[in-house]
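**Student:** Below is one structure. I have some questions about it.
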Amino acid sequence: MIIDFNNSFINIAMGLSLMFFSQQFFWLFTGIICFIFGFKFTQLFFSEPSRFPFILAGIFCAFPGIVLSTALKAVAKFLAGALAGGFIAIHIFPAFMEAPEQVNWIIFNIGAVTGSLLLGIFFNFGLIFLSSLAGVMLVFDPYYTGTKTQNIIFAVLVIGSVLIQLLVSPKGETLDENA
C-alpha cells in the first residue's frame with residue numbers, strides 16, 4: 001500500500017485532490033507529494049506500531065514544500081517533479097517486472113530525474129500528467145490486486161483525470177508565467 005493508513009479515506013481524499021485540483025493549485029500538488037515522501041521515507045528507518053510519527057514526518061515535509069511552491073516556484077517545480085516521478089516509478093515498475101529491494105533506489109532516481117525534467121520543461125502538461133498518475137495511484141492502491149480489468153480501469157481513470165484537468169484549465173493561461 002502506498003500510505004498504510006487504517007482507513008483509506010485519507011488516500012482517497014489526497015488522490016482525488018491530485019486528480020482534479022493540481023492544475024489550479026500547484027501548492028496542493030507539492031504539499032501532497034512532499035507529505036507522501038515524508039511519510040514513506042520515515043517508514044524506511046522506523047517501524048512504529050503507531051502511524052502518528054509517520055504522519056508528523058509527512059506534515060513536516062509538506063509545509064516546507066507548500067512554502068517553497070509559493071515563494072520559489074522554479075525550484076519547487078523540480079523538487080515536486082522529482083518526488084512525484086520517483087513515487088510513480090517505485091509503484092508502477094513492479095507491475096512490469098520483479099526487482100530486488102536494492103534496485104528500488106535506482107528506480108526511484110530514474111523516475112525522479114524523469115519527473116523533474118517533465119515538470120521543469122513541460123510544466124502544465126507535466127503537472128497534469130504527474131498529478132493524474134499519482135492521484136489515481138493513491139485512490140486505487142488500497143484496492144489493487146493486479147488483474148487486467150483493474151489495469152484497464154487504472155488507465156481509464158488516468159486518462160479521465162488528464163482530460164478533466166485539460167478541460168478545466170483556463171485557455172491561453174499557464175501556471176508557468178510567473179516562474
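Scheme for the C-alpha cells: letters A, B, ... for chains in order shown; per-chain residue numbers from 1; ligand numbers from 1 in order shown.
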Determine which residues of range 46-170 of chain A DSSP labels as alpha helix (DSSP H) from the backbone of this structure, then write them out as number ranges by chain.
**Tutor:** A: 52-71, 73-96, 104-121, 123-140, 148-168
**Student:** Taking only C-alpha atoms into account, which of A:Val162, A:Val75, A:Met19, A:Ala84 comes nearest Ile33 in chain A?
**Tutor:**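 Among the listed residues, the smallest separation from Ile33 in chain A belongs to A:Ala84.
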**Student:** Would you mind listing what lies within 7 Å of Phe54 in chain A as a list in words, with only C-alpha atoms counted and same-chain residues fewer than 6 positions away left out?
**Tutor:** Phe39, Thr42 and Gln43 of chain A
**Student:** From the list A:Ser22, A:Ser8, A:Thr149, A:Ser169, which residue is nearest Gly135 in chain A when using only C-alpha atoms?
**Tutor:**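 The answer is A:Ser22, which sits nearest to Gly135 in chain A.
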**Student:** Given the choices A:Leu83, A:Lys77, A:Leu16, A:Leu68, which gets closest to Gly38 in chain A if the distance is worked out from only C-alpha atoms?
**Tutor:**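 So, comparing all the options, the nearest one is A:Leu83.
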**Student:** Using only C-alpha atoms, can you tell me which of A:Gly81, A:Gly31, A:Pro64, A:Gly58 comes closest to Gly115 in chain A?
**Tutor:**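 Of A:Gly81, A:Gly31, A:Pro64, A:Gly58, the one nearest Gly115 in chain A is A:Gly81, counting only C-alpha atoms.
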**Student:** Have a look at CA of Phe35 in chain A and CA of Ile66 in chain A and let me know their distance in Å, one decimal.
**Tutor:** 10.0 Å
**Student:** With a distance cut-off of 6 Å and only C-alpha atoms, select the neighbouring residues of Leu133 in chain A, excluding the residue or stretch itself and same-chain residues fewer than 3 positions from it, and output the selection as a list of chain:residue names.
**Tutor:**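 Residues near the query, excluding close chain neighbours: A:Leu130, A:Val136, A:Val158.
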**Student:** Hey, which of A:Ala76, A:Ala89, A:Ser116, A:Phe125 ends up closest to Asn104 in chain A? Count only C-alpha atoms.
**Tutor:**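 Using only C-alpha atoms, the shortest distance to Asn104 in chain A belongs to A:Ala89.
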**Student:** Using only C-alpha atoms, determine which residues lie at most 12 Å from Ile36 in chain A, disregarding the query and same-chain residues fewer than 5 positions distant; provide the list as JSON, numbers by chain.
**Tutor:** {"A": [1, 2, 3, 4, 5, 10, 11, 14, 15, 29, 30, 31, 41, 42, 43, 54, 55, 56, 57, 58, 59, 60, 61, 62, 65, 80, 83, 84, 86, 87, 88, 134, 135, 137, 138]}
**Student:** Take the residues from that selection and put them in a file with N, CA and C atoms, as a compact mmCIF listing (two decimals), in the first residue's frame.
**Tutor:**
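Dumped to again05.txt:
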# COMPACT_ATOMS: atom_id res chain seq x y z
N MET A 1 0.83 -1.19 0.00
CA MET A 1 0.00 0.00 0.00
C MET A 1 0.88 1.25 0.00
N ILE A 2 0.45 2.27 -0.67
CA ILE A 2 1.23 3.50 -0.76
C ILE A 2 1.35 4.15 0.61
N ILE A 3 0.25 4.49 1.21
CA ILE A 3 0.25 5.02 2.57
C ILE A 3 -0.64 4.10 3.37
N ASP A 4 -0.05 3.45 4.33
CA ASP A 4 -0.73 2.40 5.05
C ASP A 4 -1.51 2.96 6.23
N PHE A 5 -2.59 3.68 5.94
CA PHE A 5 -3.49 4.14 6.98
C PHE A 5 -4.49 3.04 7.26
N ILE A 10 -8.10 8.83 3.75
CA ILE A 10 -7.05 9.83 3.54
C ILE A 10 -6.40 9.62 2.18
N ASN A 11 -6.13 8.36 1.81
CA ASN A 11 -5.60 8.08 0.47
C ASN A 11 -6.53 8.63 -0.61
N MET A 14 -6.58 12.58 -0.69
CA MET A 14 -5.37 13.12 -1.31
C MET A 14 -5.34 12.79 -2.80
N GLY A 15 -5.74 11.57 -3.16
CA GLY A 15 -5.73 11.17 -4.56
C GLY A 15 -6.68 11.98 -5.41
N PHE A 29 -0.48 20.25 -4.98
CA PHE A 29 0.29 19.15 -5.56
C PHE A 29 1.60 18.97 -4.80
N THR A 30 2.32 20.06 -4.62
CA THR A 30 3.62 20.00 -3.95
C THR A 30 3.45 19.52 -2.51
N GLY A 31 2.46 20.03 -1.81
CA GLY A 31 2.23 19.64 -0.42
C GLY A 31 1.92 18.16 -0.27
N PHE A 41 9.39 7.90 3.54
CA PHE A 41 10.82 7.92 3.85
C PHE A 41 11.05 7.57 5.31
N THR A 42 10.21 8.07 6.19
CA THR A 42 10.33 7.77 7.61
C THR A 42 10.10 6.29 7.87
N GLN A 43 9.22 5.67 7.12
CA GLN A 43 8.95 4.24 7.29
C GLN A 43 10.16 3.37 6.95
N PHE A 54 4.85 8.89 11.53
CA PHE A 54 4.94 8.99 10.08
C PHE A 54 4.10 10.16 9.55
N ILE A 55 2.95 10.34 10.16
CA ILE A 55 2.09 11.47 9.78
C ILE A 55 2.79 12.78 10.12
N LEU A 56 3.43 12.85 11.28
CA LEU A 56 4.17 14.06 11.65
C LEU A 56 5.31 14.33 10.67
N ALA A 57 6.01 13.29 10.27
CA ALA A 57 7.09 13.45 9.29
C ALA A 57 6.53 13.94 7.96
N GLY A 58 5.37 13.41 7.56
CA GLY A 58 4.74 13.86 6.33
C GLY A 58 4.36 15.32 6.39
N ILE A 59 3.78 15.73 7.51
CA ILE A 59 3.41 17.14 7.69
C ILE A 59 4.66 18.01 7.72
N PHE A 60 5.71 17.53 8.38
CA PHE A 60 6.97 18.26 8.47
C PHE A 60 7.56 18.50 7.07
N CYS A 61 7.36 17.56 6.15
CA CYS A 61 7.85 17.73 4.78
C CYS A 61 6.87 18.53 3.92
N ALA A 62 5.57 18.43 4.20
CA ALA A 62 4.57 19.10 3.37
C ALA A 62 4.64 20.62 3.50
N GLY A 65 7.35 22.26 1.57
CA GLY A 65 7.03 22.12 0.16
C GLY A 65 6.01 23.13 -0.31
N ALA A 80 9.22 18.97 -6.70
CA ALA A 80 7.95 18.23 -6.76
C ALA A 80 7.95 17.23 -7.92
N LEU A 83 10.12 14.22 -6.76
CA LEU A 83 9.45 13.37 -5.78
C LEU A 83 8.28 12.61 -6.40
N ALA A 84 7.49 13.30 -7.23
CA ALA A 84 6.36 12.64 -7.88
C ALA A 84 6.84 11.58 -8.85
N GLY A 86 9.67 9.88 -8.82
CA GLY A 86 10.21 8.75 -8.07
C GLY A 86 9.11 7.91 -7.45
N PHE A 87 8.12 8.58 -6.86
CA PHE A 87 6.98 7.90 -6.25
C PHE A 87 6.22 7.06 -7.28
N ILE A 88 5.99 7.63 -8.45
CA ILE A 88 5.26 6.92 -9.51
C ILE A 88 6.09 5.73 -10.01
N ALA A 134 -0.27 10.08 -10.02
CA ALA A 134 -0.11 9.94 -8.57
C ALA A 134 -1.46 9.89 -7.87
N GLY A 135 -2.40 10.70 -8.33
CA GLY A 135 -3.73 10.72 -7.72
C GLY A 135 -4.47 9.41 -7.89
N MET A 137 -3.11 6.53 -8.42
CA MET A 137 -2.42 5.53 -7.61
C MET A 137 -2.84 5.60 -6.15
N LEU A 138 -2.99 6.80 -5.62
CA LEU A 138 -3.44 6.93 -4.22
C LEU A 138 -4.85 6.41 -4.02
**Student:** Pick the closest to Ala71 in chain A from A:Glu98, A:Arg51, A:Ile110, A:Phe26: which is it, counting only C-alpha atoms?
**Tutor:**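 The closest residue to Ala71 in chain A is A:Phe26.
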**Student:** What gap, in Å, lies between CA of Ala74 in chain A and CA of Asn124 in chain A?
**Tutor:**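 For CA of Ala74 in chain A relative to CA of Asn124 in chain A, the distance reads 13.1 Å.
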**Student:** Do you have the CA of Trp27 in chain A-CA of Leu167 in chain A distance handy?
**Tutor:** 20.2 Å
